[in-house]
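What's in entry-v4.tsv: TSV, C-alpha atoms
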chain	number	residue	atom	x	y	z
M	1	MET	CA	-20.18	-23.94	-35.89
M	2	ILE	CA	-18.15	-24.36	-32.77
M	3	SER	CA	-19.13	-20.95	-31.47
M	4	PHE	CA	-22.79	-21.69	-32.25
M	5	SER	CA	-22.74	-24.87	-30.20
M	6	ILE	CA	-21.13	-23.02	-27.29
M	7	ILE	CA	-23.89	-20.40	-27.40
M	8	ALA	CA	-26.54	-23.12	-27.70
M	9	ALA	CA	-25.17	-24.82	-24.61
M	10	PHE	CA	-25.73	-21.62	-22.65
M	11	ILE	CA	-29.39	-21.34	-23.60
M	12	GLY	CA	-31.51	-23.01	-20.95
M	13	ASP	CA	-34.85	-24.79	-21.29
M	14	ASN	CA	-36.70	-21.55	-20.74
M	15	GLY	CA	-35.03	-20.00	-23.79
M	16	TYR	CA	-33.08	-17.45	-21.82
M	17	ILE	CA	-29.33	-17.35	-22.05
M	18	ASN	CA	-28.29	-18.87	-18.78
M	19	VAL	CA	-24.58	-19.27	-18.24
M	20	THR	CA	-25.03	-21.11	-14.98
M	21	ASP	CA	-26.97	-23.98	-16.56
M	22	LYS	CA	-25.78	-27.33	-17.81
M	23	ARG	CA	-22.09	-26.76	-17.47
M	24	PRO	CA	-20.23	-29.47	-15.60
M	25	VAL	CA	-19.06	-28.38	-12.18
M	26	ASN	CA	-16.13	-30.08	-10.58
M	27	LEU	CA	-15.11	-28.13	-7.56
M	28	ASP	CA	-14.58	-30.74	-4.90
M	29	MET	CA	-12.94	-28.62	-2.24
M	30	LEU	CA	-11.49	-31.71	-0.58
M	31	THR	CA	-9.51	-32.75	-3.64
M	32	ILE	CA	-8.33	-29.30	-4.69
M	33	LYS	CA	-4.99	-28.24	-3.29
M	34	LEU	CA	-5.37	-24.65	-2.15
M	35	PRO	CA	-2.55	-22.38	-3.27
M	36	LEU	CA	-1.45	-19.82	-0.68
M	37	PRO	CA	-3.45	-16.87	-2.11
M	38	ALA	CA	-6.57	-19.08	-2.12
M	39	LEU	CA	-5.94	-19.92	1.52
M	40	ALA	CA	-5.59	-16.19	2.20
M	41	SER	CA	-8.88	-15.55	0.41
M	42	ILE	CA	-10.85	-18.11	2.41
M	43	THR	CA	-9.31	-17.01	5.72
M	44	HIS	CA	-10.04	-13.37	4.82
M	45	ARG	CA	-13.70	-14.37	4.52
M	46	ALA	CA	-13.68	-16.50	7.65
M	47	SER	CA	-12.05	-13.73	9.69
M	48	GLY	CA	-14.66	-11.30	8.33
M	49	VAL	CA	-17.54	-13.50	9.52
M	50	PHE	CA	-15.77	-13.97	12.86
M	51	ILE	CA	-15.23	-10.27	13.57
M	52	PHE	CA	-18.77	-9.46	12.41
M	53	ILE	CA	-19.84	-11.40	15.52
M	54	GLY	CA	-16.89	-10.09	17.55
M	55	PHE	CA	-18.01	-6.52	16.95
M	56	ALA	CA	-20.73	-7.08	19.56
M	57	ILE	CA	-17.92	-7.27	22.15
M	58	LEU	CA	-16.11	-4.21	20.80
M	59	ILE	CA	-19.30	-2.11	20.76
M	60	TRP	CA	-20.18	-3.34	24.25
M	61	MET	CA	-16.71	-2.25	25.41
M	62	LEU	CA	-17.20	1.17	23.84
M	63	GLU	CA	-20.54	1.48	25.62
M	64	ALA	CA	-19.09	0.46	28.98
M	65	SER	CA	-16.15	2.85	28.53
M	66	LEU	CA	-18.43	5.84	27.85
M	67	ALA	CA	-21.58	5.23	29.91
M	68	SER	CA	-20.20	6.46	33.25
M	69	GLU	CA	-17.01	6.71	35.26
M	70	ALA	CA	-18.12	3.67	37.29
M	71	SER	CA	-18.66	1.52	34.17
M	72	PHE	CA	-15.34	2.82	32.74
M	73	ASN	CA	-13.51	1.62	35.85
M	74	GLY	CA	-15.56	-1.57	35.87
M	75	LEU	CA	-14.47	-2.30	32.30
M	76	LYS	CA	-10.82	-1.67	33.19
M	77	GLN	CA	-11.21	-4.17	36.01
M	78	TYR	CA	-13.14	-6.66	33.88
M	79	ILE	CA	-10.58	-6.84	31.06
M	80	THR	CA	-7.84	-7.95	33.44
M	81	SER	CA	-9.34	-11.45	33.78
M	82	PRO	CA	-7.58	-14.16	31.72
M	83	LEU	CA	-10.76	-15.21	29.92
M	84	SER	CA	-11.63	-11.71	28.73
M	85	LYS	CA	-8.00	-11.21	27.65
M	86	ILE	CA	-8.19	-14.34	25.49
M	87	VAL	CA	-11.53	-13.25	23.99
M	88	ILE	CA	-10.26	-9.73	23.26
M	89	TRP	CA	-7.06	-11.11	21.77
M	90	ALA	CA	-9.04	-13.49	19.54
M	91	VAL	CA	-11.24	-10.67	18.24
M	92	LEU	CA	-8.19	-8.43	17.74
M	93	ALA	CA	-6.36	-11.24	15.93
M	94	GLY	CA	-9.28	-11.67	13.52
M	95	PHE	CA	-9.47	-7.91	13.11
M	96	ILE	CA	-5.72	-7.56	12.45
M	97	TYR	CA	-5.68	-10.40	9.91
M	98	HIS	CA	-8.76	-9.10	8.10
M	99	THR	CA	-7.33	-5.58	8.00
M	100	VAL	CA	-3.89	-6.58	6.72
M	101	ALA	CA	-5.41	-8.90	4.09
M	102	GLY	CA	-7.76	-6.07	3.10
M	103	VAL	CA	-4.89	-3.60	2.66
M	104	LYS	CA	-3.12	-6.20	0.51
M	105	HIS	CA	-6.33	-6.43	-1.52
M	106	LEU	CA	-6.41	-2.64	-2.01
M	107	ILE	CA	-2.77	-2.72	-3.14
M	108	ASN	CA	-3.65	-5.48	-5.62
M	109	ASP	CA	-6.56	-3.32	-6.84
M	110	MET	CA	-4.01	-0.66	-7.79
M	111	GLY	CA	-2.39	-3.20	-10.08
M	112	ILE	CA	0.54	-4.02	-7.81
M	113	GLY	CA	1.42	-7.68	-7.28
M	114	GLU	CA	-1.17	-9.10	-9.65
M	115	THR	CA	1.08	-11.72	-11.22
M	116	LEU	CA	1.13	-15.30	-9.99
M	117	GLU	CA	4.46	-14.78	-8.22
M	118	GLY	CA	3.40	-11.37	-6.93
M	119	GLY	CA	0.22	-12.86	-5.51
M	120	VAL	CA	2.13	-15.46	-3.54
M	121	LEU	CA	4.75	-12.98	-2.34
M	122	GLY	CA	2.10	-10.43	-1.32
M	123	THR	CA	0.23	-13.11	0.61
M	124	GLN	CA	3.42	-14.23	2.36
M	125	ILE	CA	4.14	-10.63	3.38
M	126	ALA	CA	0.56	-10.10	4.58
M	127	MET	CA	0.55	-13.31	6.61
M	128	ALA	CA	3.95	-12.60	8.17
M	129	LEU	CA	2.92	-9.02	9.01
M	130	SER	CA	-0.37	-10.24	10.53
M	131	ALA	CA	1.49	-12.81	12.63
M	132	VAL	CA	3.87	-10.14	13.97
M	133	LEU	CA	1.01	-7.73	14.74
M	134	ILE	CA	-1.07	-10.47	16.40
M	135	VAL	CA	1.88	-11.41	18.64
M	136	LEU	CA	2.44	-7.72	19.46
M	137	ALA	CA	-1.26	-7.37	20.29
M	138	GLY	CA	-0.96	-10.35	22.65
M	139	TYR	CA	2.11	-8.78	24.25
M	140	TRP	CA	0.20	-5.52	24.65
M	141	ILE	CA	-2.82	-7.23	26.24
M	142	TRP	CA	-0.77	-9.29	28.73
D	1	MET	CA	-33.93	-12.18	-15.69
D	2	VAL	CA	-33.14	-10.61	-12.35
D	3	THR	CA	-30.60	-12.71	-10.50
D	4	ALA	CA	-29.20	-10.26	-7.96
D	5	VAL	CA	-31.69	-8.79	-5.51
D	6	THR	CA	-29.94	-9.03	-2.16
D	7	ASN	CA	-26.66	-7.37	-3.08
D	8	PHE	CA	-26.13	-3.91	-1.66
D	9	GLY	CA	-26.39	-1.52	-4.59
D	10	ARG	CA	-28.07	-3.58	-7.32
D	11	SER	CA	-24.81	-3.56	-9.26
D	12	GLY	CA	-21.61	-5.46	-8.74
D	13	LEU	CA	-19.49	-2.46	-9.67
D	14	TYR	CA	-21.24	-0.25	-7.11
D	15	ASP	CA	-20.84	-2.93	-4.42
D	16	TRP	CA	-17.17	-3.33	-5.36
D	17	LEU	CA	-16.57	0.41	-4.92
D	18	MET	CA	-18.60	0.72	-1.71
D	19	GLN	CA	-16.76	-2.25	-0.20
D	20	ARG	CA	-13.47	-0.42	-0.76
D	21	ILE	CA	-14.63	3.02	0.37
D	22	SER	CA	-16.09	1.57	3.58
D	23	ALA	CA	-12.89	-0.45	4.08
D	24	VAL	CA	-10.75	2.68	3.90
D	25	VAL	CA	-13.05	4.54	6.33
D	26	LEU	CA	-12.87	1.64	8.79
D	27	LEU	CA	-9.10	1.41	8.37
D	28	VAL	CA	-8.57	5.10	9.13
D	29	TYR	CA	-10.98	4.95	12.09
D	30	THR	CA	-9.18	1.86	13.44
D	31	VAL	CA	-5.79	3.59	13.17
D	32	PHE	CA	-7.26	6.63	14.96
D	33	ILE	CA	-8.64	4.56	17.88
D	34	PHE	CA	-5.44	2.51	18.15
D	35	ILE	CA	-3.25	5.62	18.24
D	36	VAL	CA	-5.34	7.05	21.09
D	37	VAL	CA	-5.35	3.80	23.06
D	38	LEU	CA	-1.65	3.08	22.49
D	39	LEU	CA	-0.43	6.63	23.18
D	40	TYR	CA	-2.60	7.11	26.27
D	41	PRO	CA	-2.86	3.75	28.05
D	42	ASP	CA	-3.72	5.53	31.31
D	43	ILE	CA	-6.34	7.83	29.80
D	44	SER	CA	-8.91	8.98	32.36
D	45	TYR	CA	-12.67	8.63	31.95
D	46	GLN	CA	-13.00	12.43	31.61
D	47	GLU	CA	-10.47	12.57	28.76
D	48	TRP	CA	-11.85	9.49	26.98
D	49	ASN	CA	-15.45	10.71	27.32
D	50	GLY	CA	-14.41	14.22	26.28
D	51	LEU	CA	-12.88	12.81	23.11
D	52	PHE	CA	-16.19	11.18	22.13
D	53	GLN	CA	-18.09	14.37	23.00
D	54	MET	CA	-16.25	16.20	20.22
D	55	THR	CA	-18.46	16.75	17.17
D	56	ALA	CA	-15.67	15.72	14.79
D	57	VAL	CA	-15.23	12.39	16.61
D	58	LYS	CA	-19.01	11.82	16.65
D	59	ILE	CA	-19.16	12.44	12.88
D	60	PHE	CA	-16.17	10.15	12.31
D	61	SER	CA	-17.67	7.45	14.54
D	62	LEU	CA	-21.05	7.62	12.78
D	63	LEU	CA	-19.28	7.38	9.43
D	64	ALA	CA	-17.46	4.28	10.70
D	65	LEU	CA	-20.77	2.77	11.93
D	66	ILE	CA	-22.40	3.31	8.52
D	67	SER	CA	-19.31	1.87	6.84
D	68	LEU	CA	-19.42	-1.14	9.14
D	69	GLY	CA	-23.01	-1.85	8.09
D	70	MET	CA	-22.27	-1.50	4.37
D	71	HIS	CA	-19.03	-3.44	4.55
D	72	SER	CA	-20.54	-6.35	6.45
D	73	TRP	CA	-23.64	-6.51	4.22
D	74	ILE	CA	-21.54	-6.68	1.05
D	75	GLY	CA	-18.98	-9.06	2.57
D	76	LEU	CA	-21.56	-11.45	4.00
D	77	TRP	CA	-23.52	-11.29	0.74
D	78	CYS	CA	-20.37	-12.49	-1.03
D	79	VAL	CA	-19.96	-15.33	1.44
D	80	VAL	CA	-23.57	-16.57	1.58
D	81	THR	CA	-24.16	-16.37	-2.18
D	82	ASP	CA	-21.07	-18.53	-2.67
D	83	TYR	CA	-21.74	-21.21	-0.06
D	84	LEU	CA	-25.45	-21.16	0.78
D	85	THR	CA	-26.50	-22.15	-2.74
D	86	GLU	CA	-28.66	-24.95	-4.12
D	87	ARG	CA	-25.57	-26.58	-5.59
D	88	MET	CA	-23.70	-26.53	-2.28
D	89	ILE	CA	-26.39	-27.37	0.27
D	90	GLY	CA	-29.48	-28.47	-1.63
D	91	LYS	CA	-33.05	-27.45	-2.40
D	92	ASN	CA	-33.80	-25.21	0.56
D	93	ALA	CA	-30.68	-23.10	0.05
D	94	ASN	CA	-32.46	-19.98	-1.20
D	95	TRP	CA	-34.78	-19.79	1.78
D	96	LEU	CA	-31.98	-20.52	4.19
D	97	ARG	CA	-29.73	-17.90	2.60
D	98	PHE	CA	-32.54	-15.36	2.79
D	99	LEU	CA	-33.03	-16.12	6.49
D	100	VAL	CA	-29.30	-15.84	7.20
D	101	GLN	CA	-29.15	-12.53	5.38
D	102	ALA	CA	-32.19	-11.27	7.28
D	103	GLY	CA	-30.53	-12.28	10.55
D	104	CYS	CA	-27.26	-10.60	9.59
D	105	GLY	CA	-29.19	-7.50	8.55
D	106	MET	CA	-30.86	-7.38	11.96
D	107	VAL	CA	-27.46	-7.65	13.67
D	108	MET	CA	-26.08	-4.81	11.50
D	109	PHE	CA	-29.09	-2.64	12.24
D	110	THR	CA	-28.71	-3.40	15.96
D	111	TYR	CA	-25.01	-2.42	15.88
D	112	PHE	CA	-25.96	0.77	14.07
D	113	VAL	CA	-28.71	1.90	16.47
D	114	TRP	CA	-26.69	0.72	19.50
D	115	GLY	CA	-23.72	2.74	18.29
D	116	ILE	CA	-25.83	5.87	17.82
D	117	GLN	CA	-27.22	5.43	21.32
D	118	ILE	CA	-23.69	5.15	22.73
D	119	LEU	CA	-22.51	8.23	20.85
D	120	TRP	CA	-25.50	10.48	21.57
D	121	GLY	CA	-27.14	8.83	24.57
D	122	ASN	CA	-24.87	10.19	27.25
Please express the file's structure as structure tokens.
Amino acid sequence: MISFSIIAAFIGDNGYINVTDKRPVNLDMLTIKLPLPALASITHRASGVFIFIGFAILIWMLEASLASEASFNGLKQYITSPLSKIVIWAVLAGFIYHTVAGVKHLINDMGIGETLEGGVLGTQIAMALSAVLIVLAGYWIW
Amino acid sequence: MVTAVTNFGRSGLYDWLMQRISAVVLLVYTVFIFIVVLLYPDISYQEWNGLFQMTAVKIFSLLALISLGMHSWIGLWCVVTDYLTERMIGKNANWLRFLVQAGCGMVMFTYFVWGIQILWGN
């Protein structure tokens, strides 16, 4: 009887089984405390959206570096300005974070660090490693 | 009832796999570019251009471009189908999401053609 009522609750007005219908949803993001792996997940997404836009700059740099010797030298000159250094660093930071978080994801896919504790530890390692690499990238740019 | 028409490969499992294959391609390509740039900070235009004239590098770069398109389509699909929904932003969500996806698709296609032009145009 219980299982029947659960199934019945999933059947929508149109008669199709519709698991998205009529179930209460209580995901108020402002009242949910994000655990560290959840924070890593959302920032992984945010960094992905950010570098999707940032790729325009990277592809433009590739074009300028290959088009001609003059544009190659022009690019070398251009990227010495403080503003372009900040922009390049920001794109690289997003890229580094997204890459490290992605590698962590691939390691999780292999079944490593899938426990609750492992998830937190893996995220801590990924965030610390990203921070170190982002600082190194800044050091390299300046 | 069809509920997934804008995902990449019509199946979540296929998308899941393609997202990872493209990620690995992009990772290896990134490592390759970084090694070149870090090992040869004073690389000349002739050497840098010569590198990208090599067929192997062109093939690798095209593979990375294709992977970039796949990876960003699947990733952005995940993001927009989670946040640009009727529950999150209201009645016009489906149209808005479709427009955002169309815009992102145009950007991906632009990156792709632009990249080919850079690799083979000079």
Counting all atoms listed in the file, which residues of chain D come no farther than 6 Å from chain M, as a PDB file with C-alpha atoms, keeping the file's coordinate frame?
ATOM      1  CA  TYR D  45     -12.670   8.630  31.950  1.00  0.00           C
ATOM      2  CA  ASN D  49     -15.450  10.710  27.320  1.00  0.00           C
ATOM      3  CA  ILE D 118     -23.690   5.150  22.730  1.00  0.00           C
TER       4      ILE D 118
END
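When only C-alpha atoms are used to compute distances to Ser61 in chain D, the closest of the residues D:Thr6, D:Thr85, D:Thr30, D:Asn92 turns out to be D:Thr30.
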How many Å separate CA of Phe8 in chain D from CA of His98 in chain M?
->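 These atoms are spaced 20.6 Å apart.
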Could you tell me which of D:Ile43, D:Ala4, D:Leu68, D:Ala56 comes closest to Leu27 in chain D if we count all atoms listed in the file?
-> D:Leu68
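Between CA of Val25 in chain D and CA of Val57 in chain D lies a distance of 13.1 Å.
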CA of Tyr29 in chain D to CA of Ala64 in chain D, distance in Å rounded to a single decimal |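 Straight-line distance from CA of Tyr29 in chain D to CA of Ala64 in chain D works out to 6.7 Å.
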Could you give me the centre and size, in Å to one decimal, of an axis-aligned box around all listed atoms of range 71-85 of chain D with 5 Å added on every side, as AutoDock Vina command-line options?
--center_x -22.7 --center_y -12.8 --center_z 1.9 --size_x 17.5 --size_y 28.7 --size_z 19.2
9 Å contact set for Leu133 in chain M, all atoms listed in the file, chain neighbours under 6 positions out, as a list in words | Ala93, Ile96 and Tyr97 of chain M
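Among the candidates D:Gly115, D:Gly12, D:Gly103, D:Gly121, the one nearest to Ile74 in chain D when counting all atoms listed in the file is D:Gly12.
Using only C-alpha atoms, the residues found no farther than 8 Å from Gly75 in chain D, other than those of its own chain fewer than 3 positions away, are Arg45 and Gly48 of chain M; Gln19, His71, Ser72, Cys78 and Val79 of chain D.
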Proximity to Met18 in chain D - best of D:Ile89, D:Val5, D:Ile66, D:Glu47, all atoms listed in the file | D:Ile66
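Between Ile107 in chain M and the residues M:Ala126, M:Ala40, M:Met61, M:Ile32, the shortest atom-to-atom distance, using all atoms listed in the file, involves M:Ala126.
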Which of these residues is nearest to Ile134 in chain M, using only C-alpha atoms: M:Leu92, M:Ile57, M:Ala38, M:Ala101?
->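 The shortest atom-to-atom distance to Ile134 in chain M comes from M:Leu92.
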